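A.B. asks: Data file work_9.txt (compact mmCIF, C-alpha atoms) is appended below.
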```txt
# COMPACT_ATOMS: atom_id res chain seq x y z
CA MET J 99 56.65 109.59 16.97
CA ASP J 100 54.05 106.80 16.77
CA ARG J 101 56.25 103.73 17.35
CA ARG J 102 53.51 101.28 16.36
CA SER J 103 53.24 102.94 12.96
CA PHE J 104 57.01 102.94 12.57
CA LEU J 105 57.38 99.29 13.52
CA HIS J 106 54.56 98.33 11.17
CA GLY J 107 56.18 100.23 8.35
CA SER J 108 59.55 98.70 9.14
CA ALA J 109 58.52 95.31 7.80
CA ALA J 110 60.24 96.20 4.56
CA LEU J 111 63.29 97.30 6.49
CA THR J 112 63.59 94.23 8.72
CA GLY J 113 63.20 91.89 5.81
CA PHE J 114 65.21 93.94 3.35
CA SER J 115 67.89 91.38 2.59
CA LEU J 116 65.42 88.50 2.49
CA LEU J 117 63.09 90.36 0.17
CA GLN J 118 65.88 90.81 -2.31
CA GLY J 119 66.29 87.07 -2.49
CA CYS J 120 62.72 86.47 -3.74
CA ALA J 121 62.11 89.70 -5.65
CA LYS J 122 62.17 90.05 -9.43
CA HIS J 123 63.16 93.68 -9.27
CA VAL J 124 64.49 96.01 -6.60
CA THR J 125 64.65 99.73 -7.21
CA THR J 126 67.73 101.15 -5.47
CA PRO J 127 68.93 104.19 -7.42
CA ALA J 128 72.61 104.87 -6.77
CA ALA J 129 73.93 108.31 -5.84
CA ALA J 130 76.33 109.94 -8.24
CA THR J 131 79.07 109.80 -5.63
CA ALA J 132 78.70 106.12 -4.77
CA PRO J 133 78.57 103.14 -7.19
CA ALA J 134 75.88 100.53 -6.86
CA LEU J 135 76.64 97.83 -4.33
CA PRO J 136 77.47 94.33 -5.52
CA PHE J 137 74.97 91.67 -4.52
CA TYR J 138 77.18 90.29 -1.74
CA ASP J 139 77.64 93.69 -0.09
CA VAL J 140 73.99 94.68 0.39
CA PRO J 141 73.25 95.65 4.03
CA GLY J 142 71.51 93.04 6.14
CA ASN J 143 68.66 93.64 8.55
CA ILE J 144 68.72 97.07 10.20
CA LEU J 145 66.10 96.80 12.90
CA PRO J 146 64.75 100.00 14.49
CA ILE J 147 65.74 100.72 18.08
CA ARG J 148 62.96 101.40 20.57
CA ALA J 149 64.03 104.96 21.25
CA ASP J 150 61.86 105.71 24.27
CA VAL J 151 63.30 107.78 27.11
CA ASP J 152 61.74 105.42 29.65
CA ARG J 153 63.90 102.58 28.26
CA ILE J 154 67.03 104.22 29.69
CA PHE J 155 67.93 101.73 32.41
CA ARG J 156 71.13 103.39 33.62
CA ILE J 157 73.45 106.33 33.05
CA THR J 158 77.18 105.93 33.54
CA VAL J 159 80.10 108.34 33.55
CA CYS J 160 83.70 107.41 32.79
CA LEU J 161 86.80 109.55 33.25
CA ARG J 162 89.41 108.75 30.61
CA PRO J 163 92.98 109.36 31.80
CA PHE J 164 94.61 111.40 29.05
CA ARG J 165 98.29 112.37 28.87
CA ALA J 166 99.54 114.68 26.13
CA VAL J 167 102.72 112.62 25.70
CA GLY J 168 100.82 109.33 25.58
CA PRO J 169 100.51 106.54 28.16
CA ARG J 170 103.09 106.13 30.89
CA MET J 171 104.82 102.74 30.63
CA ASP J 172 108.00 103.29 32.62
CA VAL J 173 110.18 101.16 34.89
CA VAL J 174 110.79 102.93 38.21
CA LYS J 175 112.32 101.85 41.50
CA VAL J 176 110.20 102.30 44.61
CA GLY J 177 112.35 101.11 47.49
CA ASP J 178 113.33 97.55 46.64
CA LYS J 179 110.39 97.11 44.23
CA THR J 180 110.61 97.17 40.46
CA VAL J 181 107.49 99.05 39.46
CA VAL J 182 106.25 99.29 35.87
CA THR J 183 103.56 101.88 35.24
CA ASN J 184 100.79 101.24 32.71
CA TYR J 185 98.26 104.07 32.64
CA GLY J 186 97.17 107.18 30.75
CA HIS J 187 95.76 105.65 27.55
CA GLY J 188 93.02 108.26 27.08
CA GLY J 189 90.11 106.93 25.02
CA SER J 190 92.08 103.88 23.89
CA GLY J 191 92.34 101.86 27.09
CA TRP J 192 90.47 98.73 26.01
CA SER J 193 91.67 99.00 22.42
CA LEU J 194 95.39 99.12 23.29
CA SER J 195 95.21 97.04 26.46
CA TRP J 196 96.78 93.81 25.18
CA GLY J 197 99.54 95.62 23.35
CA ALA J 198 100.35 97.82 26.33
CA ALA J 199 100.37 94.75 28.59
CA ASP J 200 102.84 93.03 26.29
CA VAL J 201 105.13 96.08 26.40
CA VAL J 202 105.18 96.46 30.19
CA VAL J 203 105.55 92.75 30.97
CA ARG J 204 108.55 92.50 28.67
CA LYS J 205 110.05 95.57 30.34
CA ALA J 206 109.63 93.93 33.74
CA MET J 207 111.26 90.71 32.58
CA GLU J 208 114.25 92.68 31.34
CA ALA J 209 114.49 94.89 34.46
CA ALA J 210 114.08 92.00 36.95
CA PRO J 211 115.14 88.77 35.22
CA GLY J 212 114.31 85.49 36.90
CA VAL J 213 111.45 86.85 39.04
CA LYS J 214 108.44 84.52 38.95
CA GLU J 215 105.89 86.40 41.06
CA CYS J 216 104.35 89.81 40.44
CA ALA J 217 101.63 92.11 41.67
CA VAL J 218 99.17 94.00 39.48
CA ILE J 219 97.53 97.09 40.96
CA GLY J 220 94.11 97.64 39.45
CA ALA J 221 91.47 95.39 37.86
CA GLY J 222 90.32 97.49 34.94
CA ALA J 223 91.08 97.04 31.25
CA LEU J 224 94.84 97.48 31.67
CA GLY J 225 95.03 95.58 34.96
CA LEU J 226 93.22 92.47 33.73
CA THR J 227 95.12 92.22 30.45
CA THR J 228 98.45 92.87 32.18
CA ALA J 229 97.71 90.13 34.74
CA LEU J 230 96.77 87.63 32.01
CA THR J 231 99.78 88.54 29.88
CA ALA J 232 102.08 88.12 32.88
CA GLN J 233 100.57 84.69 33.59
CA ARG J 234 101.10 83.63 29.99
CA MET J 235 104.74 84.69 30.28
CA GLY J 236 105.31 82.55 33.37
CA TYR J 237 104.47 84.79 36.34
CA LYS J 238 102.42 83.87 39.35
CA VAL J 239 100.13 86.88 39.67
CA THR J 240 98.15 88.57 42.43
CA ILE J 241 95.82 91.47 41.58
CA TYR J 242 95.39 94.12 44.26
CA ALA J 243 92.40 96.35 43.60
CA LYS J 244 90.08 98.66 45.51
CA GLU J 245 87.18 97.57 43.30
CA THR J 246 86.35 95.21 40.43
CA ALA J 247 83.70 94.99 37.73
CA PRO J 248 81.00 96.19 37.59
CA TYR J 249 82.20 99.13 39.71
CA ILE J 250 85.41 100.05 37.88
CA ARG J 251 85.49 102.90 35.37
CA SER J 252 86.63 100.62 32.55
CA VAL J 253 83.27 98.87 32.30
CA ARG J 254 81.61 102.21 31.55
CA ALA J 255 83.47 102.48 28.25
CA THR J 256 81.76 102.75 24.86
CA GLY J 257 83.08 99.34 23.83
CA SER J 258 84.46 100.09 20.39
CA TRP J 259 87.83 99.54 18.73
CA THR J 260 89.33 103.06 18.88
CA PRO J 261 93.10 102.60 19.26
CA ASP J 262 94.03 106.23 18.58
CA SER J 263 91.13 107.97 20.30
CA ARG J 264 92.65 110.83 22.29
CA VAL J 265 95.74 108.78 23.06
CA ALA J 266 98.21 111.70 22.77
CA LEU J 267 98.76 115.14 21.30
CA SER J 268 100.73 115.25 18.07
CA THR J 269 102.61 118.27 19.42
CA ASP J 270 103.72 116.49 22.61
CA ALA J 271 104.20 112.81 21.75
CA SER J 272 107.80 111.71 21.27
CA ALA J 273 109.19 110.95 17.83
CA ASP J 274 109.20 107.20 18.50
CA PHE J 275 105.70 106.99 19.97
CA ALA J 276 104.05 106.33 16.60
CA ALA J 277 106.03 103.11 16.19
CA LEU J 278 105.25 102.06 19.76
CA TRP J 279 101.57 102.80 19.19
CA GLU J 280 101.52 100.67 16.05
CA ARG J 281 103.14 97.80 17.91
CA MET J 282 100.53 98.00 20.68
CA ALA J 283 97.65 98.29 18.22
CA ARG J 284 98.73 95.27 16.17
CA THR J 285 99.33 93.13 19.26
CA SER J 286 95.92 94.06 20.66
CA TRP J 287 94.25 93.39 17.31
CA THR J 288 95.68 89.89 17.19
CA MET J 289 94.52 89.14 20.73
CA TYR J 290 91.02 90.46 20.12
CA ASN J 291 90.63 88.27 17.08
CA SER J 292 91.44 85.28 19.26
CA TYR J 293 88.25 86.01 21.24
CA LEU J 294 85.95 85.97 18.21
CA GLY J 295 83.45 83.12 18.27
CA VAL J 296 83.71 82.63 22.03
CA ALA J 297 80.42 81.80 23.76
CA GLY J 298 78.49 84.92 24.65
CA SER J 299 80.25 86.95 21.93
CA PRO J 300 82.43 89.08 24.22
CA ILE J 301 84.10 90.41 21.06
CA GLU J 302 82.32 90.63 17.71
CA TRP J 303 82.26 92.49 14.43
CA THR J 304 79.43 94.95 13.83
CA ASP J 305 78.60 97.51 11.13
CA ARG J 306 78.61 101.25 11.82
CA TYR J 307 76.83 103.91 9.78
CA GLN J 308 77.95 107.55 9.70
CA LEU J 309 74.98 109.68 8.65
CA SER J 310 75.21 113.23 7.38
CA ASP J 311 73.26 115.68 5.25
CA ASP J 312 76.58 117.21 4.20
CA PRO J 313 79.59 115.56 2.57
CA PRO J 314 81.57 113.44 5.07
CA ARG J 315 84.96 114.75 6.04
CA ASP J 316 88.30 113.19 6.79
CA ARG J 317 88.84 113.47 10.54
CA ASN J 318 92.50 114.27 9.84
CA ARG J 319 91.44 117.46 8.09
CA PRO J 320 90.75 120.58 10.22
CA VAL J 321 87.21 121.94 10.36
CA ASP J 322 86.08 125.56 10.39
CA PRO J 323 83.60 125.68 13.32
CA ASN J 324 81.94 128.75 11.78
CA THR J 325 80.80 126.83 8.70
CA ALA J 326 80.49 123.27 10.04
CA ALA J 327 77.07 121.67 9.60
CA ASP J 328 77.53 118.81 12.06
CA PRO J 329 77.05 119.96 15.68
CA ALA J 330 80.06 117.86 16.67
CA ASP J 331 82.22 120.00 14.38
CA ARG J 332 81.01 123.39 15.60
CA THR J 333 83.14 123.36 18.73
CA LYS J 334 86.49 124.93 18.03
CA GLN J 335 89.23 122.30 18.02
CA VAL J 336 91.70 123.37 20.69
CA HIS J 337 93.90 120.28 20.91
CA GLU J 338 95.75 118.61 18.08
CA PHE J 339 95.18 114.94 18.85
CA ALA J 340 97.60 112.45 17.34
CA ARG J 341 96.36 110.32 14.41
CA TYR J 342 97.97 106.97 13.72
CA SER J 343 95.24 104.82 12.18
CA GLN J 344 96.72 104.96 8.67
CA SER J 345 99.67 102.86 9.85
CA ILE J 346 97.34 99.90 10.48
CA ALA J 347 95.09 100.43 7.46
CA ASP J 348 96.11 97.00 6.16
CA ILE J 349 94.32 95.18 9.01
CA THR J 350 91.14 97.23 9.31
CA PRO J 351 88.24 97.40 6.82
CA LYS J 352 87.84 100.63 4.88
CA SER J 353 84.70 102.72 5.15
CA LYS J 354 82.40 102.77 2.13
CA ASP J 355 79.95 105.36 0.81
CA MET J 356 76.54 103.75 0.43
CA PRO J 357 74.39 104.30 -2.66
CA SER J 358 71.16 106.20 -2.26
CA GLY J 359 68.34 103.84 -1.38
CA SER J 360 70.58 101.01 -0.22
CA THR J 361 69.79 101.67 3.46
CA PRO J 362 66.68 103.00 5.23
CA PHE J 363 68.58 106.02 6.56
CA PRO J 364 67.26 109.45 5.48
CA THR J 365 70.47 111.44 5.16
CA LYS J 366 72.01 112.29 1.80
CA TYR J 367 75.30 110.72 2.80
CA VAL J 368 75.66 107.33 4.48
CA ARG J 369 79.06 105.81 5.09
CA ARG J 370 79.43 102.24 6.40
CA ASN J 371 82.34 100.47 7.99
CA SER J 372 82.81 97.37 10.12
CA SER J 373 84.61 97.39 13.44
CA LEU J 374 85.13 95.40 16.60
CA THR J 375 82.61 95.74 19.40
CA PHE J 376 83.51 94.90 23.00
CA ASN J 377 80.55 93.63 25.00
CA VAL J 378 82.37 94.82 28.08
CA ALA J 379 80.18 93.31 30.81
CA GLY J 380 80.68 89.76 29.55
CA TYR J 381 84.22 90.38 28.32
CA ALA J 382 85.44 91.65 31.73
CA LYS J 383 83.90 88.61 33.45
CA LEU J 384 85.57 86.29 30.96
CA LEU J 385 88.98 87.86 31.60
CA MET J 386 88.50 87.51 35.35
CA GLN J 387 87.54 83.85 34.92
CA GLU J 388 90.64 83.21 32.81
CA PHE J 389 92.76 84.89 35.46
CA TYR J 390 91.40 82.61 38.21
CA LEU J 391 91.66 79.47 36.05
CA ALA J 392 95.35 80.22 35.52
CA GLY J 393 95.90 80.31 39.28
CA GLY J 394 95.52 84.04 39.81
CA ARG J 395 94.68 85.56 43.17
CA LEU J 396 92.72 88.72 43.98
CA GLU J 397 93.03 90.84 47.11
CA MET J 398 90.87 93.90 47.74
CA ARG J 399 93.18 96.71 48.71
CA GLU J 400 93.65 100.43 48.06
CA PHE J 401 96.93 102.31 47.76
CA HIS J 402 97.31 106.03 48.34
CA GLU J 403 100.98 106.50 47.44
CA PRO J 404 103.66 104.35 45.78
CA ASN J 405 105.61 103.91 49.03
CA GLU J 406 102.81 101.61 50.22
CA PHE J 407 103.95 99.05 47.64
CA ALA J 408 106.73 98.20 50.12
CA SER J 409 104.25 96.08 52.08
CA LEU J 410 103.70 93.73 49.13
CA LYS J 411 105.48 90.41 49.09
CA GLU J 412 106.04 90.61 45.32
CA SER J 413 109.17 92.38 44.11
CA VAL J 414 107.73 93.26 40.67
CA VAL J 415 104.67 95.51 40.60
CA PHE J 416 102.59 96.62 37.61
CA CYS J 417 100.66 99.81 38.35
CA CYS J 418 97.51 99.88 36.19
CA THR J 419 95.40 102.36 38.12
CA GLY J 420 93.86 104.42 35.30
CA TYR J 421 92.56 107.84 36.29
CA ASP J 422 93.35 107.11 39.95
CA SER J 423 97.02 107.34 38.96
CA LYS J 424 96.66 111.13 39.02
CA ALA J 425 96.32 111.05 42.82
CA LEU J 426 98.43 107.96 43.46
CA TRP J 427 101.50 109.31 41.65
CA SER J 428 100.68 113.02 42.00
CA ASP J 429 100.80 112.98 38.21
CA GLN J 430 99.55 116.35 37.04
CA SER J 431 100.08 115.35 33.41
CA ILE J 432 96.83 113.37 33.58
CA VAL J 433 93.81 115.25 32.27
CA PRO J 434 90.33 113.82 32.89
CA VAL J 435 88.16 113.51 29.79
CA ARG J 436 84.59 112.94 30.88
CA GLY J 437 82.29 110.66 28.92
CA GLN J 438 78.67 109.92 29.74
CA ILE J 439 76.57 107.08 28.35
CA ALA J 440 72.83 106.52 28.53
CA TRP J 441 72.02 102.82 28.26
CA LEU J 442 68.89 101.65 26.47
CA ILE J 443 67.57 98.14 27.07
CA PRO J 444 69.28 95.75 24.62
CA GLN J 445 67.22 94.37 21.72
CA GLU J 446 67.53 91.04 20.00
CA GLY J 447 68.79 91.45 16.45
CA VAL J 448 69.98 95.04 16.91
CA ASN J 449 73.75 95.01 16.46
CA TYR J 450 74.88 98.12 14.61
CA GLY J 451 76.20 101.58 15.35
CA ILE J 452 75.18 105.06 14.21
CA GLY J 453 76.89 108.44 14.13
CA TYR J 454 74.39 111.25 13.58
CA LYS J 455 74.34 114.94 14.53
CA GLY J 456 76.92 114.49 17.27
CA LEU J 457 75.26 111.31 18.61
CA ASN J 458 77.31 108.14 18.94
CA LEU J 459 75.17 105.02 19.22
CA LEU J 460 76.39 101.45 19.52
CA ALA J 461 74.08 98.51 20.06
CA ARG J 462 75.82 95.96 22.27
CA ARG J 463 74.55 92.76 23.82
CA ASP J 464 74.78 94.31 27.30
CA GLY J 465 72.95 97.49 26.36
CA ILE J 466 72.52 100.09 23.63
CA VAL J 467 75.07 102.87 24.13
CA VAL J 468 73.66 106.37 23.53
CA GLN J 469 76.34 109.04 23.83
CA PRO J 470 75.80 112.65 22.75
CA ASN J 471 79.14 114.06 21.62
CA ILE J 472 78.20 117.55 20.51
CA GLY J 473 81.60 118.93 21.46
CA GLY J 474 83.47 116.45 19.27
CA GLU J 475 86.88 115.50 20.64
CA GLU J 476 86.82 118.48 22.99
CA GLU J 477 83.76 116.99 24.72
CA GLY J 478 84.41 116.41 28.43
CA TRP J 479 87.94 117.84 28.35
CA ASN J 480 89.31 118.46 31.85
CA ASP J 481 85.91 117.70 33.42
CA SER J 482 86.17 115.41 36.45
CA ASN J 483 82.46 115.47 37.31
CA GLU J 484 81.20 111.89 37.59
CA SER J 485 77.58 112.77 38.38
CA PRO J 486 75.10 111.56 35.71
CA ASP J 487 73.39 114.29 33.68
CA HIS J 488 69.85 113.05 33.06
CA ALA J 489 68.95 115.92 30.75
CA ALA J 490 71.90 115.15 28.47
CA ALA J 491 70.99 111.45 28.48
CA GLU J 492 67.42 112.17 27.38
CA ALA J 493 68.65 114.65 24.78
CA GLY J 494 70.70 111.87 23.19
CA VAL J 495 67.65 109.61 22.90
CA LYS J 496 65.65 112.48 21.40
CA ILE J 497 68.27 112.90 18.67
CA LEU J 498 67.64 109.24 17.82
CA GLN J 499 63.88 109.87 17.83
CA GLU J 500 64.40 112.75 15.39
CA LEU J 501 66.39 110.48 13.08
CA TYR J 502 63.60 107.89 13.14
CA SER J 503 60.96 110.54 12.45
CA ARG J 504 62.85 111.25 9.22
CA MET J 505 63.19 107.53 8.45
CA GLU J 506 59.51 106.68 8.89
CA PRO J 507 58.24 107.88 5.48
CA ILE J 508 61.23 106.26 3.75
CA VAL J 509 60.49 102.92 5.42
CA ALA J 510 56.82 103.18 4.48
CA LYS J 511 57.76 103.99 0.87
CA ARG J 512 60.25 101.16 0.74
CA GLY J 513 57.41 98.74 1.35
CA THR J 514 56.08 99.58 -2.11
CA ARG J 515 59.40 99.51 -3.91
CA VAL J 516 59.95 95.76 -3.90
CA THR J 517 57.72 94.00 -6.40
CA ALA J 518 57.23 90.28 -6.70
```
Translate the structure of the given file into structure tokens.

C.D. replies:
Amino acid sequence: MDRRSFLHGSAALTGFSLLQGCAKHVTTPAAATAPALPFYDVPGNILPIRADVDRIFRITVCLRPFRAVGPRMDVVKVGDKTVVTNYGHGGSGWSLSWGAADVVVRKAMEAAPGVKECAVIGAGALGLTTALTAQRMGYKVTIYAKETAPYIRSVRATGSWTPDSRVALSTDASADFAALWERMARTSWTMYNSYLGVAGSPIEWTDRYQLSDDPPRDRNRPVDPNTAADPADRTKQVHEFARYSQSIADITPKSKDMPSGSTPFPTKYVRRNSSLTFNVAGYAKLLMQEFYLAGGRLEMREFHEPNEFASLKESVVFCCTGYDSKALWSDQSIVPVRGQIAWLIPQEGVNYGIGYKGLNLLARRDGIVVQPNIGGEEEGWNDSNESPDHAAAEAGVKILQELYSRMEPIVAKRGTRVTA
């Protein structure tokens, strides 16, 4: 695609909301299935992304630690140590981190009352939030970790609020897990909102657009892979992942079908919602800074089995070792779920997400996440390969190029549809 032509034609797109303010008439015919948008709900600027393969500046792979029964947050005795595990959150590690931290710290306080010092093993999403939560509840904390950001798996995450993404199987989770999940999700939500407006925007709200040429479906409803139009739906669903999002519907915005012509996207169906974005690079650094400012201490150290915790001076230990918990605890319940991201150079003013033909895209301040997800939720299941796949990364960018090739004539036409 000729990018110069596209960018020239995108003048109407980039100034869409401003043009409405000075126009006498705007032609935006509404689809039969979606009412016209009120003035205050018209989409803002949707700048095109420079979808060139040579703008991929890195490719990262993350192994999500999935457990069919849900995360392990148990109190166990290892010698004279009170150990509280905090791992196995699947694709919901960042999203549930603050809530999970609150659960395990309270368990430790009940199991070992009066203790004022603790150790946290691991410096990823769960380790950092557990350490900070413990500090806020009166502990003096030391983190022991074999590596920190930017080398940990947690910083390779997509960076989106997904609290029930492959967090458990509905067939295996206990009867009371749904209530525990809701508690963790609400606690995490409250904490994340406390980081809004912080310098550098470690946490912010962004719009997401789900694009489809076929009617959108409810993800709670099973799909026939033989008739599915979306490539992400064609893979047969093997696992029945637990769904809990309806229990927190009161705190999250609802998705909305967009009228035809209200966005520059070419698909027949466009659905918009707003969600939290985690700019993980800056967010992880901020959490580490808060940890140090509160008197925290970090020691680089690796553990190979729980018995090695005996050498620690702290009597309370939080084990937040993510996928490494599989080897550390010989926990065969952990299944790796591989996820690869191609990172495009970030662009000023680009701050939205797209779902299109199995492609998940999220523009963050630390990079534009491009993640092909053709296999849907079965993508990467039980795959522990952490080697980047360059062909898959480029294929994701080419899906975006194909979308823009469809958008180009619409953008050019839109330039003639606003009359002064």

A.B. asks: Tell me which protein, DNA and RNA residues are within 7 Å of Ile241 of chain J, counting all atoms listed in the file, leaving out same-chain ones fewer than 3 positions away, and put them as a list in words.

C.D. replies: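 Skipping anything fewer than 3 positions along the chain leaves Ala217, Val218, Ile219, Gly220, Ala221, Arg395, Leu396 and Glu397 of chain J.
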
A.B. asks: Go through segment 358-463 of chain J residue by residue and, counting all atoms listed in the file, keep those with an atom at most 9 Å from segment 280-300 of chain J; for each kept residue give the shortest atom pair and its distance in Å to one decimal, ordered by chain and increasing number, as a Markdown table.

C.D. replies:
```
| residue | atom | partner | partner_atom | distance |
| --- | --- | --- | --- | --- |
| J:Leu374 | CA | J:Tyr290 | CA | 8.5 |
| J:Thr375 | CA | J:Pro300 | CA | 8.2 |
| J:Phe376 | CA | J:Pro300 | CA | 6.0 |
| J:Asn377 | CA | J:Pro300 | CA | 5.0 |
| J:Val378 | CA | J:Pro300 | CA | 6.9 |
| J:Ala379 | CA | J:Pro300 | CA | 8.1 |
| J:Gly380 | CA | J:Pro300 | CA | 5.7 |
| J:Tyr381 | CA | J:Pro300 | CA | 4.7 |
| J:Ala382 | CA | J:Pro300 | CA | 8.5 |
| J:Leu384 | CA | J:Pro300 | CA | 7.9 |
| J:Arg463 | CA | J:Ser299 | CA | 8.4 |
```

A.B. asks: Could you list, as a list in words, every residue within 12 Å of Arg234 of chain J, counting all atoms listed in the file and ignoring same-chain residues fewer than 3 positions away?

C.D. replies: Ala199, Asp200, Val203, Arg204, Lys214, Thr227, Thr228, Ala229, Leu230, Thr231, Tyr237, Lys238, Val239, Glu388, Phe389, Leu391, Ala392, Gly393 and Gly394 of chain J

A.B. asks: Would you list the contacts of Ser263 of chain J as a list in words, taking every protein, DNA or RNA residue within 9 Å and counting all atoms listed in the file, but skipping same-chain residues closer than 2 positions in sequence?

C.D. replies: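 My reading of the contact set: His187, Gly188, Gly189, Ser190, Thr260, Pro261, Val265, Ala266, Phe339, Ala340, Arg341 and Glu475 of chain J.
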
A.B. asks: Hey, can you check how far atom CA of Asp270 of chain J sits from atom CA of Ala166 of chain J?

C.D. replies: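 So the two atoms, atom CA of Asp270 of chain J and atom CA of Ala166 of chain J, lie 5.8 Å apart.
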
A.B. asks: From the list J:Lys175, J:Thr350, J:Tyr249, J:Gly236, which residue is nearest Cys216 of chain J when using only C-alpha atoms?

C.D. replies: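 Going through J:Lys175, J:Thr350, J:Tyr249, J:Gly236 one by one, the smallest distance to Cys216 of chain J is for J:Gly236.
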
A.B. asks: In Å, with one decimal, what is the gap from atom CA of Gln499 of chain J to atom CA of Gly465 of chain J?

C.D. replies: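 If I compute the distance from atom CA of Gln499 of chain J to atom CA of Gly465 of chain J, I get 17.6 Å.
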
A.B. asks: Applying 10 Å and all atoms listed in the file, which residues near Tyr185 of chain J remain after dropping the ones on its own chain fewer than 4 positions away? List them as a PyMOL selection string.

C.D. replies: chain J and resi 163-165+168-172+191+195+198+224-225+416-424+432

A.B. asks: One decimal, Å: what's the distance from atom CA of Val167 of chain J over to atom CA of Ser343 of chain J, could you say?

C.D. replies: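 Here the two named atoms are 17.3 Å from each other.
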
A.B. asks: Using all atoms listed in the file for the distances, tell me which of J:Leu226, J:Ala347, J:Asp178, J:Phe401 is nearest to Ala210 of chain J.

C.D. replies: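 For Ala210 of chain J, the nearest of the given residues is J:Asp178.
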
A.B. asks: Please identify all polymer residues lying at most 12 Å from the point (76.8, 111.3, 36.4) (file coordinates), using only C-alpha atoms, and present the result as an MDAnalysis selection string.

C.D. replies: chainID J and resid 156:161 254 436:440 481:491

A.B. asks: For Glu338 of chain J, which of J:Arg148, J:Trp279, J:Met505, J:Ser268 is the closest residue, counting only C-alpha atoms?

C.D. replies: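 Once distances to Glu338 of chain J are computed over only C-alpha atoms, the minimum belongs to J:Ser268.
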
A.B. asks: For each of J:Ala461, J:Leu442, J:Leu501, J:Val495, take the minimum atom-to-atom distance to Ile154 of chain J, counting all atoms listed in the file, then give the residue where this is smallest.

C.D. replies: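 For Ile154 of chain J, the nearest of the given residues is J:Leu442.
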
A.B. asks: I'd like the contact shell of Val181 of chain J - 6 Å cut-off, only C-alpha atoms, skipping same-chain residues fewer than 2 positions apart - returned as a tab-separated table (two decimals) with C-alpha atoms, in the frame of the given file.

C.D. replies:
```tsv
chain	number	residue	atom	x	y	z
J	173	VAL	CA	110.18	101.16	34.89
J	174	VAL	CA	110.79	102.93	38.21
J	175	LYS	CA	112.32	101.85	41.50
J	179	LYS	CA	110.39	97.11	44.23
J	414	VAL	CA	107.73	93.26	40.67
J	415	VAL	CA	104.67	95.51	40.60
J	416	PHE	CA	102.59	96.62	37.61
```

A.B. asks: Around the point (108.3, 95.3, 49.9) (coordinates from the file), which residues reach within 9 Å if we count only C-alpha atoms? Answer as a tab-separated table (two decimals) with C-alpha atoms, in the coordinates of the input.

C.D. replies:
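Written out: out.tsv:
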```
chain	number	residue	atom	x	y	z
J	176	VAL	CA	110.20	102.30	44.61
J	177	GLY	CA	112.35	101.11	47.49
J	178	ASP	CA	113.33	97.55	46.64
J	179	LYS	CA	110.39	97.11	44.23
J	406	GLU	CA	102.81	101.61	50.22
J	407	PHE	CA	103.95	99.05	47.64
J	408	ALA	CA	106.73	98.20	50.12
J	409	SER	CA	104.25	96.08	52.08
J	410	LEU	CA	103.70	93.73	49.13
J	411	LYS	CA	105.48	90.41	49.09
J	412	GLU	CA	106.04	90.61	45.32
J	413	SER	CA	109.17	92.38	44.11
```

A.B. asks: Rank nothing, just name the residue among J:Val435, J:Leu498, J:Ile349, J:Met207 nearest to Ile466 of chain J, using all atoms listed in the file.

C.D. replies: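 Distance minimum relative to Ile466 of chain J lands on J:Leu498.
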
A.B. asks: Which is closer to Asn458 of chain J than all the others in J:Pro470, J:Glu477, J:Trp441, J:Gly257, using all atoms listed in the file?

C.D. replies: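 Residue with the minimum atom-to-atom distance to Asn458 of chain J: J:Pro470.
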